Structures are given as structure tokens and as C-alpha cells.
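Enquirer: Below is one structure. I have some questions about it.
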Amino acid sequence: MFSNKCSGLKMVWWVVKLVVWADVLNLVKISFWLIENGFTVLIAACDTFRAGAVEQLWKHQQRLNSLHPPEQHGGRTAIQLFEKGYGKDAACLAREAIAYARKHSFDVVLVDTAGRMQDNAPLMTALAKLIAVNTPDLVLFVGEALVGNVAVDQLVKFKQALADCSV
């Protein structure tokens, strides 16, 4: 994967989902794994639409920091939440979070985005532009297993929205 021995921002990962309830738990699990492996994590709360999204991330950040107190990480907080509240432009917020992470020497930025349906073209286009503008190292697509073959349709439309925006 990558070494945590060099300093500075190493990766920007986006957690993109078409369902709302599973994404945060996956983001928290990834954060936990990264912290367990010696990385510092900045979570960018770019779901500025769903009520309670920022508070949910804040609560998980608190819990992860209680498992990994600063004393275990050279006096530094292992995970931090970057948020600016609701109703903000997600692309600008992500850009600010990435700049903040570079300035404060975080290893990984995890960007939480708002859930959206694959048939909502304007939302899919907005998501694709958000990704294109900020050029993440990795985009994690979180789908729901219970939808069956619809998951394939979701992924195909998501991939197409990204391709349409990259031209």
C-alpha cells in the first residue's frame, strides 16, 4: 500500500455512496484500520445536506480518539474531523480539508460525501465534478448488498457520470 514513515499527506480517499446508512460505518472502519496502522486521519465532512451527518461523524471521531488517545501517538490526535456546517459547497469544503491536511501533516484524508440515487443525473454530475476538481487518489464506492442486480446498474451509472465529467 504505502509507507507511514515519510511525512506529509499521502492519500486522499473519497467514500462515495448511493445509500445513506452504510457509508459512515465503512468510513469509521477504514479510519480505525488506518489509525491502528500508525496513520493520522482527517475526515472531511462533505455531506452538508443530510441532517445529523456532521454530528454522526463527530461522535465517531470522539470514540476513535478515546480508543487511541494522543499519548499513544506522540501527543497528537490520531483522527480529526474537518467540518464547516451544513449548506456549504462540498467541492470547496473538500479542497479546504485537503489544504488543511497538508498544512497539519495528516497522512490520509477521508472525504464523506452525501448519498444520492444513480437515476438523479444532476446529483451524479455534481458528485463527478466534485471528484474531478479535487482529484482523489482513491474513490470507494459504497453500495448496498440487498439491492441485487440494481447494484450493477448503480455502479455503471456512477462510472459513466465520472467518465462524462472527465472529458
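Ordering of the C-alpha cells sets the chain letters (A, B, ...); residue numbers start at 1 within each chain; ligands are numbered from 1 in the order shown.
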For A:Asn65, find every residue with an atom within 7 Å (counting only C-alpha atoms), except residues of its own chain fewer than 3 positions away, and show them as a ChimeraX atom specification.
Expert: /A:61-62,68-69,77-79
Enquirer: One decimal, Å: what's the distance from atom CA of A:Ala90 over to atom CA of A:Cys46, could you say?
Expert: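 Atom CA of A:Cys46 lies 5.0 Å from atom CA of A:Ala90.
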Enquirer: Can you list, as JSON, numbers by chain, every protein, DNA or RNA residue that comes within 12 Å of A:Lys29 when you count only C-alpha atoms, leaving out same-chain residues fewer than 2 positions away?
Expert: {"A": [15, 22, 23, 24, 25, 26, 27, 31, 32, 33, 34, 35, 36, 60, 61, 63, 64, 110]}
Enquirer: Please produce a file of those selected residues containing C-alpha atoms, as a compact mmCIF listing (two decimals), in the first residue's frame.
Expert:
# COMPACT_ATOMS: atom_id res chain seq x y z
CA VAL A 15 -16.17 7.50 0.32
CA ALA A 22 -23.88 2.22 5.39
CA ASP A 23 -21.31 4.81 4.38
CA VAL A 24 -20.35 6.28 7.75
CA LEU A 25 -19.76 2.86 9.29
CA ASN A 26 -17.46 1.93 6.42
CA LEU A 27 -15.63 5.22 6.77
CA SER A 31 -10.35 5.13 9.83
CA PHE A 32 -9.87 2.57 12.59
CA TRP A 33 -7.67 0.41 10.37
CA LEU A 34 -5.56 3.40 9.33
CA ILE A 35 -5.10 4.53 12.95
CA GLU A 36 -4.23 1.01 14.04
CA HIS A 60 -17.40 8.52 15.77
CA GLN A 61 -14.30 10.72 15.79
CA ARG A 63 -14.98 7.33 20.01
CA LEU A 64 -11.97 6.56 17.84
CA LEU A 110 -11.18 10.57 4.07
Enquirer: Might you pull out every residue within 9 Å of A:Leu127, with only C-alpha atoms counted and same-chain residues fewer than 5 positions away left off, and present them as a PyMOL selection string?
Expert: chain A and resi 16+90-91+113-114+116+122+132+161-162
Enquirer: Name the residues in contact with A:Leu42 at a cut-off of 8 Å, using only C-alpha atoms, excluding same-chain residues fewer than 4 positions from it; report them as a list in words.
Expert: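 Counting only C-alpha atoms, the residues come to Ile79, Gln80, Leu81, Phe82, Ala97, Ala101, Phe106, Val108, Val109 and Leu110 of chain A.
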Enquirer: Output N, CA and C atoms for every residue in that selection, as an mmCIF file, in the first residue's frame.
Expert:
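Wrote it out as part39.cif, contents follow:
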data_model
loop_
_atom_site.group_PDB
_atom_site.id
_atom_site.type_symbol
_atom_site.label_atom_id
_atom_site.label_comp_id
_atom_site.auth_asym_id
_atom_site.auth_seq_id
_atom_site.Cartn_x
_atom_site.Cartn_y
_atom_site.Cartn_z
ATOM 1 N N ILE A 79 -7.113 11.137 14.927
ATOM 2 C CA ILE A 79 -8.149 11.404 13.932
ATOM 3 C C ILE A 79 -8.821 12.736 14.260
ATOM 4 N N GLN A 80 -9.096 13.492 13.223
ATOM 5 C CA GLN A 80 -9.729 14.795 13.409
ATOM 6 C C GLN A 80 -10.815 14.966 12.365
ATOM 7 N N LEU A 81 -11.844 15.724 12.722
ATOM 8 C CA LEU A 81 -12.948 15.999 11.816
ATOM 9 C C LEU A 81 -12.820 17.428 11.295
ATOM 10 N N PHE A 82 -12.903 17.576 9.975
ATOM 11 C CA PHE A 82 -12.901 18.896 9.343
ATOM 12 C C PHE A 82 -14.313 19.146 8.862
ATOM 13 N N ALA A 97 -10.261 21.091 3.178
ATOM 14 C CA ALA A 97 -9.841 19.995 4.049
ATOM 15 C C ALA A 97 -8.498 19.422 3.598
ATOM 16 N N ALA A 101 -5.116 19.425 5.721
ATOM 17 C CA ALA A 101 -4.384 18.180 5.996
ATOM 18 C C ALA A 101 -2.915 18.311 5.617
ATOM 19 N N PHE A 106 -1.277 15.613 8.089
ATOM 20 C CA PHE A 106 -2.063 14.388 8.206
ATOM 21 C C PHE A 106 -1.612 13.427 7.125
ATOM 22 N N VAL A 108 -3.680 10.810 5.818
ATOM 23 C CA VAL A 108 -4.781 10.425 4.937
ATOM 24 C C VAL A 108 -5.972 11.348 5.182
ATOM 25 N N VAL A 109 -6.629 11.741 4.110
ATOM 26 C CA VAL A 109 -7.901 12.461 4.198
ATOM 27 C C VAL A 109 -8.983 11.516 3.692
ATOM 28 N N LEU A 110 -10.012 11.324 4.499
ATOM 29 C CA LEU A 110 -11.181 10.565 4.075
ATOM 30 C C LEU A 110 -12.321 11.562 3.894
#
Enquirer: Quick one, how far is atom CA of A:Asn37 from atom CA of A:Glu71?
Expert: 15.8 Å
Enquirer: What is the atom CA of A:Ala163 to atom CA of A:Val41 distance in Å?
Expert: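 Computed distance, atom CA of A:Ala163 to atom CA of A:Val41, equals 28.7 Å.
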Enquirer: Step one, run DSSP on the backbone; step two, keep only residues of stretch 78-157 of chain A assigned to strand (DSSP E or B); then write them as a ChimeraX atom specification.
Expert: /A:79-82,108-113,138-142
